[in-house]
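Here's target-v2.csv, which has CSV, C-alpha atoms and all ligand atoms:
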```csv
chain,number,residue,atom,x,y,z
Y,279,LEU,CA,180.2,58.8,57.5
Y,280,THR,CA,181.7,57.7,60.7
Y,281,ARG,CA,180.3,54.3,60.2
Y,282,LEU,CA,181.9,54.1,56.8
Y,283,TYR,CA,185.3,55.4,57.9
Y,284,GLY,CA,185.0,52.5,60.3
Y,285,PRO,CA,187.6,50.5,62.1
Y,286,LEU,CA,190.8,49.4,60.6
Y,287,THR,CA,189.9,46.1,58.9
Y,288,ALA,CA,192.2,46.2,56.0
Y,289,LEU,CA,195.6,46.4,57.6
Y,290,SER,CA,196.8,43.5,55.6
Y,291,ASN,CA,196.6,45.7,52.6
Y,292,VAL,CA,198.8,48.4,54.0
Y,293,ARG,CA,201.4,46.2,55.7
Y,294,VAL,CA,204.1,48.0,53.7
Y,295,ASP,CA,204.1,51.1,55.8
Y,296,VAL,CA,201.5,50.8,58.4
Y,297,MET,CA,203.0,53.3,60.8
Y,298,SER,CA,203.5,56.1,58.3
Y,299,ALA,CA,200.0,55.5,56.9
Y,300,LEU,CA,198.6,55.7,60.4
Y,301,VAL,CA,200.4,58.8,61.3
Y,302,SER,CA,199.7,60.7,58.1
Y,303,PHE,CA,196.1,59.8,57.7
Y,304,ASP,CA,194.3,56.9,59.2
Y,305,ARG,CA,194.4,57.7,62.8
Y,306,VAL,CA,194.2,61.4,62.5
Y,307,PHE,CA,190.9,62.5,61.0
Y,308,GLU,CA,188.9,59.5,62.1
Y,309,VAL,CA,190.2,56.0,61.6
Y,310,LEU,CA,190.0,56.3,57.8
Y,311,ASP,CA,190.2,52.8,56.5
Y,312,LEU,CA,191.0,51.3,53.2
Y,313,GLY,CA,188.3,49.1,51.8
Y,314,PRO,CA,189.1,45.6,50.6
Y,315,GLY,CA,191.5,45.4,47.6
Y,316,ILE,CA,192.8,48.9,47.8
Y,317,GLU,CA,196.5,48.7,47.0
Y,318,GLU,CA,199.0,51.1,45.6
Y,319,LYS,CA,200.2,50.3,42.0
Y,320,PRO,CA,203.9,49.6,41.6
Y,321,ASP,CA,204.1,52.5,39.2
Y,322,ALA,CA,201.9,54.8,41.2
Y,323,VAL,CA,202.5,58.6,40.8
Y,324,ASP,CA,202.3,61.3,43.4
Y,325,VAL,CA,199.3,63.7,43.4
Y,326,PRO,CA,201.0,67.1,42.8
Y,327,ALA,CA,201.6,68.9,46.1
Y,328,GLY,CA,198.9,71.5,46.8
Y,329,SER,CA,196.3,69.9,44.4
Y,330,GLY,CA,192.9,71.3,44.9
Y,331,ARG,CA,190.9,69.9,42.0
Y,332,ILE,CA,188.5,67.0,42.4
Y,333,GLU,CA,186.8,65.4,39.4
Y,334,PHE,CA,184.1,62.7,39.3
Y,335,ARG,CA,183.8,61.2,35.8
Y,336,ASP,CA,180.6,59.1,35.4
Y,337,VAL,CA,181.2,57.4,38.7
Y,338,HIS,CA,179.3,54.2,39.4
Y,339,PHE,CA,179.7,52.4,42.6
Y,340,ARG,CA,178.4,49.5,44.6
Y,341,TYR,CA,179.8,48.3,47.9
Y,342,PRO,CA,181.7,45.0,47.7
Y,343,SER,CA,179.5,42.2,48.9
Y,344,ALA,CA,180.4,40.3,52.0
Y,345,ALA,CA,181.3,37.4,49.8
Y,346,GLU,CA,183.7,39.6,47.8
Y,347,VAL,CA,185.3,40.9,51.0
Y,348,SER,CA,186.1,37.5,52.3
Y,349,LEU,CA,187.1,36.2,48.9
Y,350,ALA,CA,189.3,39.2,48.2
Y,351,THR,CA,191.6,37.9,50.9
Y,352,LEU,CA,191.9,34.7,49.0
Y,353,GLU,CA,192.7,36.7,45.8
Y,354,ASP,CA,190.1,34.6,44.2
Y,355,VAL,CA,187.4,37.1,43.4
Y,356,VAL,CA,187.5,37.3,39.7
Y,357,THR,CA,186.8,33.7,38.9
Y,358,LEU,CA,183.8,33.1,41.2
Y,359,ASP,CA,180.2,33.9,40.8
Y,360,ARG,CA,178.9,36.4,43.3
Y,361,THR,CA,175.8,38.2,44.3
Y,362,GLU,CA,176.2,41.8,43.5
Y,363,SER,CA,175.2,44.4,46.0
Y,364,ALA,CA,172.9,47.1,44.8
Y,365,PRO,CA,174.5,50.1,43.0
Y,366,VAL,CA,174.8,53.1,45.3
Y,367,LEU,CA,176.2,55.6,42.8
Y,368,LYS,CA,174.8,55.6,39.3
Y,369,GLY,CA,176.8,58.0,37.1
Y,370,VAL,CA,178.0,60.8,39.3
Y,371,ASP,CA,179.8,63.6,37.4
Y,372,PHE,CA,181.1,66.8,38.9
Y,373,THR,CA,184.2,68.9,39.3
Y,374,VAL,CA,185.3,70.9,42.3
Y,375,GLU,CA,187.8,73.6,41.3
Y,376,PRO,CA,190.7,74.5,43.5
Y,377,GLY,CA,189.5,76.6,46.5
Y,378,GLN,CA,185.9,76.0,45.9
Y,379,MET,CA,183.5,74.9,48.6
Y,380,VAL,CA,181.0,72.3,47.3
Y,381,ALA,CA,178.1,71.1,49.4
Y,382,LEU,CA,176.7,67.6,49.1
Y,383,VAL,CA,173.0,67.5,50.1
Y,384,GLY,CA,170.3,64.9,49.6
Y,385,PRO,CA,168.0,62.6,51.5
Y,386,SER,CA,169.3,59.9,53.8
Y,387,GLY,CA,170.9,57.1,51.8
Y,388,ALA,CA,171.3,59.2,48.7
Y,389,GLY,CA,175.1,58.4,48.5
Y,390,LYS,CA,176.7,61.5,50.1
Y,391,SER,CA,179.0,59.7,52.4
Y,392,THR,CA,179.9,57.2,49.7
Y,393,THR,CA,180.8,60.0,47.3
Y,394,SER,CA,183.0,61.6,49.9
Y,395,MET,CA,184.8,58.3,50.6
Y,396,LEU,CA,185.8,57.8,47.0
Y,397,VAL,CA,188.0,60.9,47.0
Y,398,PRO,CA,190.6,59.5,49.5
Y,399,ARG,CA,190.2,56.1,47.9
Y,400,VAL,CA,188.6,54.3,50.8
Y,401,TYR,CA,187.0,52.3,48.1
Y,402,ASP,CA,187.5,52.1,44.3
Y,403,VAL,CA,184.8,53.1,41.9
Y,404,THR,CA,183.0,50.3,40.1
Y,405,GLU,CA,183.0,52.3,36.8
Y,406,GLY,CA,184.2,55.7,35.8
Y,407,ALA,CA,187.0,57.6,37.6
Y,408,VAL,CA,187.8,59.9,40.5
Y,409,LEU,CA,190.7,62.3,39.9
Y,410,VAL,CA,192.5,64.4,42.5
Y,411,GLY,CA,194.8,67.0,41.0
Y,412,GLY,CA,194.4,65.4,37.6
Y,413,VAL,CA,195.5,62.0,38.8
Y,414,ASP,CA,193.2,59.1,38.8
Y,415,VAL,CA,193.2,58.1,42.5
Y,416,ARG,CA,193.8,54.5,41.5
Y,417,ASP,CA,197.1,55.6,40.0
Y,418,ALA,CA,198.2,57.8,42.9
Y,419,THR,CA,200.6,56.9,45.7
Y,420,LEU,CA,198.6,56.5,48.9
Y,421,ALA,CA,200.9,58.7,50.8
Y,422,SER,CA,200.5,61.7,48.4
Y,423,LEU,CA,196.7,61.2,48.4
Y,424,ARG,CA,196.6,61.2,52.1
Y,425,ASP,CA,198.9,64.2,52.4
Y,426,THR,CA,196.5,66.1,50.0
Y,427,ILE,CA,193.3,65.3,51.8
Y,428,GLY,CA,192.1,66.0,55.4
Y,429,VAL,CA,188.9,64.6,56.8
Y,430,VAL,CA,186.8,65.9,59.7
Y,431,THR,CA,183.9,63.8,60.6
Y,432,GLN,CA,181.2,64.2,63.3
Y,433,ASP,CA,182.9,62.0,65.8
Y,434,SER,CA,186.4,63.1,66.1
Y,435,HIS,CA,188.5,60.5,67.7
Y,436,LEU,CA,191.1,61.3,70.4
Y,437,PHE,CA,193.5,58.8,71.7
Y,438,HIS,CA,194.3,58.2,75.3
Y,439,GLU,CA,197.5,60.1,75.1
Y,440,SER,CA,198.5,63.7,75.7
Y,441,ILE,CA,197.0,66.6,73.7
Y,442,ALA,CA,200.5,67.1,72.1
Y,443,GLU,CA,200.7,63.5,71.0
Y,444,ASN,CA,197.2,63.6,69.6
Y,445,LEU,CA,198.2,66.7,67.6
Y,446,ARG,CA,201.5,65.2,66.4
Y,447,TYR,CA,199.6,62.5,64.5
Y,448,ALA,CA,198.9,65.3,62.0
Y,449,ARG,CA,202.5,66.4,61.8
Y,450,PRO,CA,205.1,64.4,63.7
Y,451,GLY,CA,207.6,67.2,63.6
Y,452,ALA,CA,205.3,69.9,65.0
Y,453,THR,CA,206.8,72.2,67.5
Y,454,GLU,CA,205.0,73.5,70.5
Y,455,GLU,CA,204.7,76.8,68.7
Y,456,ASP,CA,203.1,75.1,65.7
Y,457,MET,CA,200.6,73.4,68.0
Y,458,TRP,CA,199.6,76.5,69.8
Y,459,ALA,CA,199.1,78.3,66.5
Y,460,ALA,CA,196.8,75.4,65.3
Y,461,LEU,CA,195.0,75.4,68.6
Y,462,ARG,CA,194.4,79.1,68.3
Y,463,GLY,CA,193.1,78.7,64.8
Y,464,ALA,CA,190.8,76.0,66.0
Y,465,GLN,CA,189.5,78.2,68.8
Y,466,VAL,CA,190.6,75.8,71.5
Y,467,ALA,CA,193.9,77.4,72.7
Y,468,ASP,CA,192.4,79.1,75.7
Y,469,LEU,CA,190.9,75.9,77.0
Y,470,VAL,CA,194.2,73.9,76.6
Y,471,ALA,CA,196.2,76.8,78.2
Y,472,GLY,CA,193.8,76.6,81.2
Y,473,LEU,CA,194.4,72.9,81.8
Y,474,PRO,CA,197.0,72.2,84.6
Y,475,ASP,CA,199.3,70.2,82.3
Y,476,GLY,CA,198.6,72.2,79.1
Y,477,LEU,CA,199.7,70.3,76.0
Y,478,ASP,CA,200.8,67.4,78.2
Y,479,THR,CA,197.2,66.8,79.5
Y,480,LEU,CA,196.1,63.3,79.0
Y,481,VAL,CA,192.8,63.0,77.2
Y,482,GLY,CA,190.2,60.2,76.9
Y,483,ASP,CA,188.3,58.0,79.2
Y,484,ARG,CA,190.9,58.1,81.9
Y,485,GLY,CA,192.1,61.6,81.2
Y,486,TYR,CA,190.5,64.9,80.5
Y,487,ARG,CA,187.2,64.5,78.8
Y,488,PHE,CA,186.6,67.0,76.1
Y,489,SER,CA,183.0,67.8,75.1
Y,490,GLY,CA,181.8,67.0,71.6
Y,491,GLY,CA,182.5,70.5,70.3
Y,492,GLU,CA,185.9,70.6,72.0
Y,493,LYS,CA,186.9,67.3,70.5
Y,494,GLN,CA,185.9,68.6,67.1
Y,495,ARG,CA,188.0,71.6,67.5
Y,496,ILE,CA,191.0,69.5,68.5
Y,497,ALA,CA,190.4,67.6,65.2
Y,498,ILE,CA,190.3,70.9,63.4
Y,499,ALA,CA,193.7,71.8,65.1
Y,500,ARG,CA,195.1,68.6,63.6
Y,501,LEU,CA,193.8,69.6,60.2
Y,502,LEU,CA,195.4,73.0,60.5
Y,503,LEU,CA,198.7,71.3,61.4
Y,504,LYS,CA,198.4,68.9,58.6
Y,505,HIS,CA,197.6,71.6,56.1
Y,506,PRO,CA,195.9,69.5,53.4
Y,507,SER,CA,194.8,71.3,50.2
Y,508,ILE,CA,191.5,69.4,50.2
Y,509,VAL,CA,189.2,69.0,53.1
Y,510,ILE,CA,186.3,66.6,53.4
Y,511,LEU,CA,184.0,67.6,56.1
Y,512,ASP,CA,180.9,65.9,57.4
Y,513,GLU,CA,179.1,68.6,59.3
Y,514,ALA,CA,177.7,67.8,62.7
Y,515,THR,CA,174.1,67.2,63.0
Y,516,ALA,CA,174.2,66.8,66.7
Y,517,HIS,CA,173.3,69.8,68.7
Y,518,LEU,CA,176.2,71.4,70.5
Y,519,ASP,CA,175.6,74.2,73.0
Y,520,SER,CA,175.5,77.5,71.2
Y,521,GLU,CA,178.8,78.7,72.5
Y,522,SER,CA,180.6,75.5,71.4
Y,523,GLU,CA,178.8,75.6,68.1
Y,524,ALA,CA,179.9,79.1,67.4
Y,525,ALA,CA,183.5,78.2,68.2
Y,526,VAL,CA,183.3,75.1,65.9
Y,527,GLN,CA,182.0,77.3,63.1
Y,528,ARG,CA,184.8,79.8,63.5
Y,529,ALA,CA,187.3,77.1,63.7
Y,530,LEU,CA,185.9,75.5,60.5
Y,531,ALA,CA,185.9,78.8,58.7
Y,532,THR,CA,189.7,79.1,59.4
Y,533,ALA,CA,190.3,75.5,58.5
Y,534,LEU,CA,188.5,75.8,55.1
Y,535,GLN,CA,190.0,79.1,54.1
Y,536,GLY,CA,191.9,78.8,50.9
Y,537,ARG,CA,191.3,75.1,50.6
Y,538,THR,CA,189.1,73.0,48.4
Y,539,ALA,CA,186.2,71.7,50.5
Y,540,LEU,CA,183.7,68.9,49.9
Y,541,VAL,CA,181.2,69.2,52.6
Y,542,ILE,CA,178.3,66.9,53.5
Y,543,ALA,CA,176.2,69.9,54.5
Y,544,HIS,CA,173.7,70.0,57.4
Y,545,ARG,CA,173.8,73.7,58.0
Y,546,LEU,CA,172.0,76.5,56.3
Y,547,SER,CA,175.0,78.8,56.4
Y,548,THR,CA,177.1,76.2,54.5
Y,549,VAL,CA,174.7,75.7,51.7
Y,550,ARG,CA,174.2,79.4,51.3
Y,551,ASP,CA,178.0,80.0,51.1
Y,552,ALA,CA,178.7,77.0,48.8
Y,553,ASP,CA,180.1,77.8,45.4
Y,554,LEU,CA,178.2,74.8,44.2
Y,555,ILE,CA,175.5,72.6,45.7
Y,556,LEU,CA,175.2,69.0,44.4
Y,557,VAL,CA,171.8,67.5,45.2
Y,558,LEU,CA,172.1,63.7,45.3
Y,559,ASP,CA,169.2,61.4,45.1
Y,560,GLU,CA,169.4,57.6,44.8
Y,561,GLY,CA,172.9,57.8,43.6
Y,562,ARG,CA,172.6,60.5,41.0
Y,563,VAL,CA,173.2,64.2,41.0
Y,564,VAL,CA,169.7,65.4,40.3
Y,565,GLU,CA,170.2,69.1,40.7
Y,566,ARG,CA,173.3,71.4,40.9
Y,567,GLY,CA,173.7,75.1,41.4
Y,568,ARG,CA,173.8,77.8,44.0
Y,569,HIS,CA,171.4,78.1,46.9
Y,570,ASP,CA,169.2,80.8,45.5
Y,571,GLU,CA,168.8,79.3,42.0
Y,572,LEU,CA,168.0,75.9,43.4
Y,573,VAL,CA,165.4,77.3,45.8
Y,574,ALA,CA,163.9,79.2,42.9
Y,575,ALA,CA,163.9,76.1,40.7
Y,576,GLY,CA,161.4,74.5,43.1
Y,577,GLY,CA,162.7,70.9,42.9
Y,578,LEU,CA,164.1,68.5,45.4
Y,579,TYR,CA,166.5,71.1,46.8
Y,580,SER,CA,163.8,73.5,47.6
Y,581,GLU,CA,162.0,70.7,49.4
Y,582,LEU,CA,165.1,69.8,51.4
Y,583,TYR,CA,165.6,73.4,52.1
Y,584,ARG,CA,162.2,73.6,53.7
Y,585,THR,CA,162.4,70.3,55.5
Y,586,GLN,CA,166.1,70.0,56.5
Y,587,PHE,CA,167.8,73.3,56.4
Y,588,ALA,CA,165.2,76.0,57.1
Y,589,VAL,CA,163.5,74.1,59.9
Y,590,GLY,CA,164.3,71.2,62.2
Y,591,SER,CA,167.9,70.7,63.1
Y,592,ALA,CA,169.1,74.1,61.8
Y,593,PRO,CA,167.4,77.3,63.0
Y,594,PRO,CA,165.5,79.4,60.5
Y,595,ALA,CA,167.4,81.8,58.3
Y,596,GLY,CA,168.8,84.8,60.0
Y,597,ASP,CA,167.3,83.7,63.3
Y,598,GLY,CA,170.0,82.5,65.6
Y,599,GLU,CA,171.9,81.0,62.7
Y,600,ILE,CA,175.6,81.1,63.2
Y,601,GLU,CA,177.1,82.1,59.9
Y,602,VAL,CA,180.5,81.0,58.8
Y,603,VAL,CA,182.5,84.2,58.6
Y,701,LIG,P1,173.0,59.7,55.3
Y,701,LIG,O1,172.6,61.1,55.0
Y,701,LIG,O2,171.9,58.9,55.9
Y,701,LIG,O3,174.3,59.5,56.0
Y,701,LIG,P2,174.1,59.3,52.6
Y,701,LIG,O4,173.5,60.1,51.6
Y,701,LIG,O5,175.4,59.7,53.2
Y,701,LIG,O6,173.1,59.0,53.8
Y,701,LIG,P3,175.4,56.8,52.1
Y,701,LIG,O7,175.8,56.6,53.5
Y,701,LIG,O8,176.4,57.1,51.1
Y,701,LIG,O9,174.2,57.8,52.0
Y,701,LIG,O10,174.7,55.4,51.7
Y,701,LIG,C1,174.2,55.2,50.4
Y,701,LIG,C2,173.7,53.8,50.2
Y,701,LIG,O11,174.7,52.9,50.4
Y,701,LIG,C3,172.6,53.4,51.3
Y,701,LIG,O12,171.6,52.6,50.7
Y,701,LIG,C4,173.4,52.6,52.3
Y,701,LIG,O13,172.6,51.7,52.9
Y,701,LIG,C5,174.4,51.9,51.4
Y,701,LIG,N1,175.7,51.6,52.2
Y,701,LIG,C6,176.4,52.5,52.9
Y,701,LIG,N2,177.5,51.9,53.4
Y,701,LIG,C7,177.5,50.6,53.0
Y,701,LIG,C8,178.3,49.5,53.1
Y,701,LIG,N3,179.4,49.6,53.9
Y,701,LIG,N4,178.0,48.4,52.5
Y,701,LIG,C9,176.9,48.3,51.8
Y,701,LIG,N5,176.0,49.3,51.6
Y,701,LIG,C10,176.3,50.5,52.2
```
Could you write out this structure as structure tokens?
Amino acid sequence: LTRLYGPLTALSNVRVDVMSALVSFDRVFEVLDLGPGIEEKPDAVDVPAGSGRIEFRDVHFRYPSAAEVSLATLEDVVTLDRTESAPVLKGVDFTVEPGQMVALVGPSGAGKSTTSMLVPRVYDVTEGAVLVGGVDVRDATLASLRDTIGVVTQDSHLFHESIAENLRYARPGATEEDMWAALRGAQVADLVAGLPDGLDTLVGDRGYRFSGGEKQRIAIARLLLKHPSIVILDEATAHLDSESEAAVQRALATALQGRTALVIAHRLSTVRDADLILVLDEGRVVERGRHDELVAAGGLYSELYRTQFAVGSAPPAGDGEIEVV
């Protein structure tokens, strides 16, 4: 996912209000980029505040080819022949109801990250539609879409600035009290309080170096400050030490509470708790349901469960597994 929420390459498309875009979204939960050609329509409408519903309607998607990307800047795409890249999503249909936690699982390359990126409109669908709060994301104002959605990826980015400044990207007007509340919710307040300069501590290469788990919790604190109604989460696959892992899990439980969540799931506890699991394979949802029914069905999910969730990166059920509480 990180790779896909890559560096800012499409700033030309967001020249209108770069700073507010950066503050409200791009620089906060990873450098969430706009793909080529993503622009707000002149008559765009706001996604209703607090929207929690996500709908995918027969979504087909292929990545713009390199030729299209460079041609797009010449605004010349339509008239020229081009080699099409392979389709990545081939008719994805699902609905996430407000407050639900939906887990995306599937083999590597199945299209999980791609699916998650279409919600904040990093790219536009090739066919079909993605709706947030009943509004086709292509018709939505980018600001309202960004206010509605928060993203936490595996490699949370912190800037070489103070902790307070890093947090204020999520909410420029946040008071110290707001920040401490968010840090507490994210299980990282004690750590920050113990630093000599507290919230004014500089972070990054030349400042205080947070561990992976700590960085992730700072990212979760940003999420709590931003207060989006929809959270897109790419669960960490990397091993954190167990203390840090437990803290991240508690922080995430707080962050997801009462919100709609679309989670690229790598943890057994997540798939067990999910209201709905969508099993993606080669760009299609091949199975959907809850954990127990999918295990019982004996299809791809039950195989993934055996190979990815029950063994390997995640510990076996009930044996050292840190449950989301
Ligand atoms: P993983 O679990 O390995 O992260 P995934 O299920 O998230 O995989 P995606 O990352 O969505 O899968 O990738 C789906 C397909 O799209 C893959 O074949 C991948 O190579 C391709 N793909 C991903 N990003 C791009 C891109 N920027 N340009 C072209 N193709 C891409």
Around ligand LIG 701 (chain Y), out to 8 Å and counting all atoms listed in the file, which residues are there? I want them as a ChimeraX atom specification. /Y:279,281-282,340-343,363-367,383-393,542,558-561
So what do you get for CA of Ser522 (chain Y) versus CA of Gly330 (chain Y), distance-wise?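 If I compute the distance from CA of Ser522 (chain Y) to CA of Gly330 (chain Y), I get 29.5 Å.
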Measure the distance from CA of His435 (chain Y) to CA of Ala497 (chain Y) in Å and round it to one decimal.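 Rounded to one decimal, the two atoms are 7.8 Å apart.
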Give me the residues near region 571-579 of chain Y as a VMD selection string, where near means some atom within 9 Å (using all atoms listed in the file) and where sequence neighbours in that chain fewer than 3 positions away do not count. chain Y and resid 383 to 384 555 557 559 564 to 568 582 to 584
So which one's closest to Ile427 (chain Y), Y:Gly490, Y:Gly315, Y:Pro326, Y:Pro398? Using only C-alpha atoms, please. Y:Pro398
Using all atoms listed in the file, list the residues that have an atom at most 12 Å from (188.5, 73.6, 52.7), coordinates as in the file, as a ChimeraX atom specification. /Y:329-331,374-381,426-430,498,501-502,505-512,529-541,548,552-553
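If you look at CA of Arg399 (chain Y) and CA of Val415 (chain Y), they are 6.5 Å away from each other.
For the choices Y:Gln494, Y:Gly472, Y:Ala499, Y:Asp417, the atom-to-atom distance to Tyr447 (chain Y) is smallest for Y:Ala499 when using all atoms listed in the file.
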Counting all atoms listed in the file, which of Y:Arg446, Y:Gly476, Y:Phe372, Y:Glu333 gets nearest to Gly412 (chain Y)? Y:Glu333
